[in-house]
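Shown below: my_file06.cif, with mmCIF, C-alpha atoms.
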data_entry
loop_
_atom_site.label_atom_id
_atom_site.label_comp_id
_atom_site.auth_asym_id
_atom_site.auth_seq_id
_atom_site.Cartn_x
_atom_site.Cartn_y
_atom_site.Cartn_z
CA MET A 1 -24.51 -27.92 7.50
CA ALA A 2 -21.06 -28.45 8.98
CA CYS A 3 -19.59 -25.94 11.44
CA ASP A 4 -17.05 -24.80 8.83
CA GLU A 5 -19.84 -23.40 6.75
CA TYR A 6 -20.81 -21.07 9.60
CA ASN A 7 -17.33 -19.54 10.02
CA ASP A 8 -18.04 -16.59 7.76
CA LEU A 9 -21.44 -15.99 9.35
CA MET A 10 -19.73 -16.04 12.75
CA MET A 11 -17.64 -13.03 11.71
CA GLY A 12 -20.72 -11.21 10.45
CA TYR A 13 -22.53 -12.02 13.71
CA LEU A 14 -19.59 -10.79 15.76
CA ASP A 15 -19.41 -7.52 13.83
CA GLU A 16 -23.20 -7.12 13.60
CA GLU A 17 -23.12 -7.21 9.83
CA LEU A 18 -25.65 -9.99 9.16
CA THR A 19 -29.09 -9.63 7.66
CA ALA A 20 -32.01 -10.66 9.89
CA GLU A 21 -32.30 -13.98 8.04
CA GLN A 22 -28.56 -14.75 8.30
CA LYS A 23 -28.61 -13.84 11.99
CA ARG A 24 -31.57 -16.15 12.66
CA ARG A 25 -29.85 -18.99 10.82
CA PHE A 26 -26.60 -18.52 12.72
CA GLU A 27 -28.32 -18.26 16.11
CA GLU A 28 -30.17 -21.49 15.37
CA HIS A 29 -26.87 -23.23 14.73
CA LEU A 30 -25.26 -21.59 17.74
CA ALA A 31 -27.96 -22.89 20.07
CA ALA A 32 -27.20 -26.44 18.93
CA CYS A 33 -23.39 -26.28 18.70
CA LYS A 34 -21.26 -25.88 21.82
CA GLN A 35 -18.06 -25.82 19.78
CA CYS A 36 -19.14 -22.79 17.75
CA ALA A 37 -20.45 -21.07 20.90
CA ALA A 38 -17.05 -21.50 22.55
CA GLN A 39 -15.25 -20.29 19.43
CA LEU A 40 -17.53 -17.25 19.23
CA GLN A 41 -16.69 -16.41 22.84
CA GLU A 42 -12.95 -16.56 22.05
CA PHE A 43 -13.43 -14.32 19.02
CA ARG A 44 -15.42 -11.85 21.15
CA GLN A 45 -12.47 -11.57 23.55
CA LEU A 46 -10.05 -11.15 20.68
CA LYS A 47 -12.24 -8.47 19.09
CA ALA A 48 -12.51 -6.62 22.40
CA ILE A 49 -8.74 -6.48 22.92
CA THR A 50 -8.05 -5.65 19.25
CA ASP A 51 -10.56 -2.79 19.40
CA GLN A 52 -8.67 -1.40 22.38
CA VAL A 53 -5.48 -1.07 20.34
CA THR A 54 -5.26 2.48 19.07
CA LEU A 55 -2.25 4.06 17.43
CA VAL A 56 -0.38 7.10 18.67
CA GLU A 57 -1.56 10.29 17.02
CA PRO A 58 1.50 12.06 15.56
CA GLU A 59 2.32 15.64 16.54
CA ASP A 60 0.29 18.40 14.86
CA ARG A 61 3.50 19.50 13.13
CA LEU A 62 3.40 16.35 10.99
CA TRP A 63 -0.09 17.16 9.69
CA GLN A 64 0.82 20.79 9.11
CA GLN A 65 3.84 19.78 7.03
CA TYR A 66 2.17 16.82 5.32
CA TRP A 67 0.91 18.68 2.23
CA ASP A 68 4.13 20.71 1.99
CA GLY A 69 6.09 17.45 1.83
CA ILE A 70 3.91 16.19 -1.04
CA TYR A 71 4.01 19.51 -2.89
CA ASN A 72 7.80 19.74 -2.58
CA ARG A 73 8.22 16.22 -3.94
CA ILE A 74 5.88 16.90 -6.89
CA GLU A 75 7.71 20.16 -7.61
CA ARG A 76 11.13 18.50 -7.35
CA GLY A 77 9.95 15.72 -9.68
CA VAL A 78 9.07 18.32 -12.33
CA GLY A 79 12.41 20.05 -11.69
CA TRP A 80 14.32 16.80 -12.19
CA ILE A 81 12.51 16.04 -15.45
CA ILE A 82 13.27 19.50 -16.87
CA PHE A 83 16.88 19.28 -15.64
CA SER A 84 17.36 15.81 -17.17
CA VAL A 85 15.88 16.80 -20.53
CA ALA A 86 18.08 19.92 -20.64
CA ALA A 87 21.17 17.91 -19.63
CA ILE A 88 20.52 15.32 -22.36
CA LEU A 89 19.97 18.03 -25.00
CA LEU A 90 23.12 19.89 -23.96
CA THR A 91 25.18 16.69 -23.93
CA ILE A 92 23.96 15.75 -27.42
CA TYR A 93 24.60 19.28 -28.69
CA GLY A 94 28.05 19.49 -27.07
CA GLY A 95 28.99 16.02 -28.30
CA PHE A 96 27.83 16.83 -31.82
CA LYS A 97 29.81 20.08 -31.88
CA ALA A 98 32.95 18.37 -30.52
CA ILE A 99 32.74 15.59 -33.12
CA GLU A 100 32.08 18.14 -35.88
CA ALA A 101 35.17 20.09 -34.82
CA LEU A 102 37.27 16.92 -34.76
CA ILE A 103 36.12 15.83 -38.21
CA LYS A 104 36.74 19.28 -39.69
CA ASP A 105 40.18 19.53 -38.09
CA PRO A 106 42.80 18.71 -40.77
CA ALA A 107 45.36 17.90 -38.06
CA VAL A 108 43.33 14.86 -36.90
CA GLU A 109 44.23 11.58 -38.60
CA THR A 110 41.71 10.07 -41.07
CA THR A 111 41.74 6.72 -39.17
CA LEU A 112 40.54 8.47 -36.01
CA LYS A 113 37.84 10.27 -38.00
CA ILE A 114 36.64 6.98 -39.54
CA ALA A 115 36.66 5.30 -36.12
CA LEU A 116 34.66 8.17 -34.67
CA LEU A 117 32.09 8.03 -37.47
CA ALA A 118 31.82 4.25 -37.06
CA LEU A 119 31.23 4.76 -33.32
CA LEU A 120 28.46 7.25 -34.07
CA VAL A 121 26.82 5.00 -36.67
CA GLY A 122 26.99 2.05 -34.25
CA LEU A 123 25.42 4.10 -31.47
CA ALA A 124 22.67 5.33 -33.78
CA ILE A 125 21.85 1.75 -34.92
CA LEU A 126 21.76 0.53 -31.30
CA PHE A 127 19.52 3.44 -30.27
CA VAL A 128 17.05 2.93 -33.12
CA SER A 129 16.98 -0.83 -32.52
CA VAL A 130 16.23 -0.49 -28.79
CA LEU A 131 13.65 2.23 -29.43
CA ARG A 132 11.87 0.15 -32.09
CA GLU A 133 11.86 -2.92 -29.81
CA ARG A 134 10.42 -0.90 -26.91
CA ILE A 135 7.71 0.66 -29.08
CA PHE A 136 6.82 -2.71 -30.61
CA PHE A 137 6.52 -4.49 -27.23
CA TRP A 138 4.71 -1.57 -25.66
CA SER A 139 2.04 -1.55 -28.39
CA LYS A 140 1.57 -5.36 -28.09
CA ASP A 141 1.79 -5.61 -24.29
CA ARG A 142 -1.62 -6.72 -23.00
CA TYR A 143 -0.56 -6.22 -19.42
CA LYS A 144 0.84 -2.68 -19.66
CA ASN A 145 -1.90 -1.33 -17.38
CA VAL A 146 -1.32 -3.98 -14.73
CA ARG A 147 0.67 -2.65 -11.80
CA ARG A 148 3.60 -4.84 -10.87
CA MET B 1 -10.10 11.43 11.06
CA CYS B 2 -12.70 11.78 8.33
CA SER B 3 -14.92 8.85 7.61
CA VAL B 4 -14.30 7.33 4.23
CA CYS B 5 -17.83 5.97 4.34
CA GLU B 6 -19.42 9.38 4.11
CA GLU B 7 -17.16 10.67 1.40
CA GLU B 8 -18.62 12.43 -1.55
CA VAL B 9 -17.80 11.69 -5.13
CA VAL B 10 -14.89 13.86 -6.18
CA VAL B 11 -16.15 15.41 -9.37
CA MET B 12 -13.43 15.30 -11.97
CA VAL B 13 -13.78 16.97 -15.31
CA PRO B 14 -12.24 14.56 -17.82
CA ALA B 15 -9.03 15.63 -19.52
CA ARG B 16 -8.52 18.46 -17.03
CA ARG B 17 -5.57 18.64 -14.72
CA ILE B 18 -6.58 19.13 -11.12
CA SER B 19 -5.42 22.41 -9.62
CA ARG B 20 -2.92 22.50 -6.77
CA ASP B 21 -5.48 23.89 -4.32
CA GLU B 22 -8.08 21.27 -5.23
CA PHE B 23 -5.58 18.49 -4.70
CA ALA B 24 -4.32 20.06 -1.47
CA ALA B 25 -7.90 19.99 -0.16
CA ILE B 26 -8.21 16.28 -1.05
CA VAL B 27 -4.88 15.47 0.64
CA LYS B 28 -5.83 17.35 3.80
CA LYS B 29 -9.12 15.48 3.95
CA TYR B 30 -7.66 11.99 3.62
CA MET B 31 -4.10 12.30 4.95
CA LYS B 32 -4.91 10.83 8.37
CA ASN B 33 -6.72 7.84 6.88
CA ALA B 34 -3.86 7.30 4.47
CA TYR B 35 -1.16 7.60 7.14
CA PHE B 36 -2.86 5.30 9.65
CA THR B 37 -3.73 2.71 6.99
CA ALA B 38 -0.10 2.70 5.82
CA LEU B 39 1.04 2.44 9.43
CA GLY B 40 -1.17 -0.60 9.89
CA LEU B 41 0.19 -2.20 6.73
CA VAL B 42 3.91 -1.53 7.18
CA GLY B 43 4.19 -1.08 10.95
CA ASN B 44 6.44 1.92 11.43
CA ARG B 45 5.91 5.66 11.41
CA ASP B 46 8.66 6.83 9.04
CA ASP B 47 7.70 4.35 6.32
CA ALA B 48 4.00 5.10 6.81
CA LEU B 49 4.59 8.81 6.31
CA GLU B 50 6.85 8.31 3.30
CA LEU B 51 4.60 5.73 1.61
CA SER B 52 1.32 7.54 2.21
CA GLN B 53 2.84 10.71 0.71
CA GLU B 54 4.17 8.70 -2.24
CA ALA B 55 0.68 7.30 -2.82
CA PHE B 56 -0.75 10.84 -2.95
CA ILE B 57 1.94 11.85 -5.46
CA LEU B 58 1.05 8.85 -7.66
CA ALA B 59 -2.65 9.72 -7.32
CA TYR B 60 -1.89 13.29 -8.42
CA ARG B 61 0.00 12.09 -11.47
CA ASN B 62 -2.72 9.62 -12.46
CA ILE B 63 -5.84 11.48 -11.37
CA ARG B 64 -7.15 11.60 -14.93
CA GLN B 65 -7.71 7.84 -14.66
CA LEU B 66 -10.34 8.49 -11.99
CA ASN B 67 -13.73 8.48 -13.66
CA SER B 68 -16.06 11.31 -12.82
CA ASN B 69 -18.53 9.01 -11.08
CA ARG B 70 -16.01 7.16 -8.88
CA LYS B 71 -15.24 7.99 -5.29
CA PHE B 72 -11.72 9.17 -4.59
CA TYR B 73 -10.82 7.08 -1.56
CA PRO B 74 -11.44 3.52 -2.88
CA TRP B 75 -9.43 4.44 -5.99
CA PHE B 76 -6.70 6.02 -3.90
CA TYR B 77 -6.70 3.03 -1.54
CA GLN B 78 -5.67 0.77 -4.42
CA ILE B 79 -2.64 2.97 -5.02
CA LEU B 80 -1.81 3.13 -1.32
CA ARG B 81 -1.96 -0.65 -0.79
CA ASN B 82 0.11 -1.27 -3.93
CA VAL B 83 2.76 1.15 -2.71
CA CYS B 84 2.82 -0.42 0.78
CA PHE B 85 2.85 -4.05 -0.43
CA SER B 86 5.52 -3.28 -2.97
CA HIS B 87 7.62 -1.71 -0.19
CA LEU B 88 7.11 -4.82 1.98
CA ARG B 89 8.09 -7.12 -0.90
CA LYS B 90 11.30 -5.15 -1.47
CA THR B 91 12.12 -5.16 2.25
CA ARG B 92 11.59 -8.92 2.46
CA LYS B 93 13.69 -9.52 -0.64
CA ARG B 94 16.52 -7.37 0.77
CA GLN B 95 16.35 -9.27 4.05
CA ARG B 96 16.42 -12.63 2.27
CA PHE B 97 19.56 -11.60 0.39
CA SER B 98 21.27 -10.22 3.45
CA LEU B 99 20.31 -13.38 5.35
CA GLU B 100 21.87 -15.55 2.64
CA GLU B 101 25.03 -13.46 2.81
CA LEU B 102 25.15 -13.65 6.57
CA GLN B 103 24.52 -17.37 6.87
CA GLY B 104 25.75 -18.61 10.18
CA GLN B 105 25.47 -15.17 11.74
CA GLU B 106 22.59 -13.62 13.69
CA PRO B 107 19.62 -13.02 11.34
CA SER B 108 18.60 -9.41 10.75
CA ALA B 109 15.22 -8.06 11.83
CA GLY B 110 12.21 -9.39 9.89
CA VAL B 111 9.39 -7.30 8.44
CA ASP B 112 7.20 -8.19 11.39
CA ASP B 113 9.87 -6.71 13.64
CA CYS B 114 8.92 -3.35 12.12
CA PHE B 115 5.75 -3.68 14.16
CA THR B 116 7.29 -2.24 17.29
CA PRO B 117 4.77 -1.39 19.99
CA HIS B 118 5.99 2.21 20.25
CA VAL B 119 3.22 3.25 17.87
CA VAL B 120 0.52 1.85 20.18
CA ALA B 121 -1.28 4.42 22.35
CA GLU B 122 -1.73 3.81 26.11
CA ARG B 123 0.36 0.69 25.93
CA ASN B 124 0.00 -2.42 28.02
CA GLU B 125 1.23 -5.98 27.59
CA ALA B 126 -1.93 -7.25 25.91
CA LYS B 127 -2.09 -4.40 23.38
CA ASP B 128 1.60 -4.78 22.57
CA ALA B 129 1.11 -8.50 21.98
CA VAL B 130 -1.87 -7.90 19.67
CA TRP B 131 0.07 -5.32 17.63
CA LYS B 132 3.07 -7.65 17.29
CA ALA B 133 0.75 -10.49 16.26
CA ILE B 134 -0.91 -8.26 13.62
CA GLY B 135 2.57 -7.67 12.21
CA LYS B 136 3.03 -11.41 11.81
CA LEU B 137 -0.12 -11.91 9.71
CA ASP B 138 -0.06 -12.35 5.93
CA ASP B 139 -0.48 -9.08 4.04
CA LYS B 140 -4.04 -9.79 2.93
CA HIS B 141 -5.12 -10.88 6.40
CA ARG B 142 -3.44 -7.92 8.09
CA GLU B 143 -5.17 -5.66 5.59
CA VAL B 144 -8.71 -6.73 6.56
CA ILE B 145 -7.87 -6.42 10.25
CA ILE B 146 -6.57 -2.88 9.72
CA LEU B 147 -9.56 -1.84 7.63
CA ARG B 148 -12.04 -3.30 10.10
CA HIS B 149 -10.50 -2.50 13.47
CA PHE B 150 -8.43 0.60 12.78
CA GLN B 151 -10.32 2.27 9.94
CA HIS B 152 -13.72 1.06 11.24
CA LEU B 153 -15.00 0.24 7.77
CA SER B 154 -18.15 -1.80 7.24
CA TYR B 155 -17.98 -5.09 5.31
CA GLU B 156 -19.56 -3.32 2.36
CA GLN B 157 -16.86 -0.65 2.35
CA ILE B 158 -14.05 -3.18 2.78
CA ALA B 159 -15.47 -5.19 -0.13
CA LYS B 160 -15.55 -2.05 -2.31
CA SER B 161 -12.00 -1.12 -1.31
CA LEU B 162 -10.67 -4.58 -2.08
CA PHE B 163 -12.85 -5.21 -5.15
CA CYS B 164 -14.21 -8.43 -3.69
CA SER B 165 -17.50 -9.74 -2.30
CA LYS B 166 -18.73 -9.38 1.28
CA GLY B 167 -18.40 -13.16 1.56
CA THR B 168 -14.68 -12.91 0.79
CA VAL B 169 -14.33 -10.18 3.41
CA MET B 170 -16.00 -12.39 6.04
CA SER B 171 -13.85 -15.35 5.06
CA ARG B 172 -10.61 -13.34 5.20
CA LEU B 173 -11.60 -11.88 8.55
CA TYR B 174 -12.26 -15.36 9.91
CA TYR B 175 -8.84 -16.67 8.88
CA ALA B 176 -7.12 -13.45 9.98
CA ARG B 177 -8.70 -13.59 13.44
CA LYS B 178 -8.10 -17.31 13.74
CA ARG B 179 -4.41 -16.81 12.96
CA LEU B 180 -4.27 -13.88 15.37
CA LYS B 181 -5.78 -16.08 18.08
CA GLU B 182 -3.17 -18.78 17.38
CA LEU B 183 -0.31 -16.27 17.47
CA LEU B 184 -1.51 -14.83 20.76
CA SER B 185 -2.02 -18.22 22.37
CA THR B 186 1.46 -19.30 21.17
CA LYS B 187 2.90 -16.17 22.76
CA LYS B 188 1.07 -16.85 26.04
CA GLY B 189 2.33 -20.43 25.96
CA GLY B 190 5.87 -19.22 25.18
CA ASP B 191 5.75 -16.72 28.04
CA ARG B 192 4.61 -19.43 30.43
CA ASP B 193 7.41 -21.71 29.28
CA GLY B 194 9.88 -18.92 29.81
CA VAL B 195 8.74 -18.38 33.43
#
Encoded form using structure tokens:
Amino acid sequence: MACDEYNDLMMGYLDEELTAEQKRRFEEHLAACKQCAAQLQEFRQLKAITDQVTLVEPEDRLWQQYWDGIYNRIERGVGWIIFSVAAILLTIYGGFKAIEALIKDPAVETTLKIALLALLVGLAILFVSVLRERIFFWSKDRYKNVRR
Amino acid sequence: MCSVCEEEVVVMVPARRISRDEFAAIVKKYMKNAYFTALGLVGNRDDALELSQEAFILAYRNIRQLNSNRKFYPWFYQILRNVCFSHLRKTRKRQRFSLEELQGQEPSAGVDDCFTPHVVAERNEAKDAVWKAIGKLDDKHREVIILRHFQHLSYEQIAKSLFCSKGTVMSRLYYARKRLKELLSTKKGGDRDGV
């Protein structure tokens, strides 16, 4: 077996993760291969220094406020959803009422009323078209559960 | 920090929303693991805090996807790594654009420059160099180094967290450590040249 085929075993040997059989096989190779023995020594040094690197423990305050931060963000998320839905409903309602008032107003010119109706019909067609397209692609999308 | 190896299965009743207190208990149990893993993946404290919290929020919203017989942490780890890697991708993309705009000027800091040694405890030159070199590794190689050296996971646990075989873990660790060795020897060489 070439040395390359022992690379993975070398990691397992270094981290004491090999089975007895794998360990015996690797030690046999190690006894006969100076190159791998030297490489193992270098990896031992690297492992020793890497194991010494520890990260600064943040202040206790961070851990005490950690859950509060998550809870506040979850709560705000719900708040934003409710706010957005209400804002959309109010806008639709207000818009509908304003258009209704304009159409019923005899002082407003017929051309403006027709233009307004055409605008509404156009918007409705666009909305239905986009919605149908989204629903169609969503139901056919094989990768919808794959995170991008 | 709690050991993810000894974690129990979080029993979830299907189609039931987890209560706030139950989820708070889960967060408090794993927050340190989540924060330090994110810190290892993205390199700076503010992002690590923000991203680890975001991962918990996503876990809360999708907890019904967790089967009753699956452990919480490996499932949560998938969310955490996706959030961190997605953040890194966006950061790199932003930097590429700003670099294109600023052609001819001084380049802005790279993602690996987020790996400032301020987060390293009891600092010395060697530890700083190792931390900087970890920041220069590919995402998947940095990930195995963080899980092995900073989270102290066994090969079996790393394999479960990454949904791969133990052989793949050993192989990734080999290439990660080899690259780390090269980066550190380049730095030593560079320092000598500079003297």
Requested in this report: Step by step, work through what the PyMOL selection byres ((chain A) within 6 of (chain B)) selects in the shown file, and finish by giving those residues as a PyMOL selection string.
Outcome: chain A and resi 8+11+51+53-56+70
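The space between atom CA of B:Gly43 and atom CA of B:Glu143 spans 11.7 Å.
One finds atom CA of B:Leu147 at 23.4 Å from atom CA of B:Asn69.
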Requested in this report: Please provide as a ChimeraX atom specification all residues within 10 Å of stretch 26-31 of chain A, with the sequence filter that same-chain residues fewer than 6 positions apart are discarded (counting all atoms listed in the file).
Outcome: /A:1-3,6-7,9-10,12-13,18,20,37-38,40
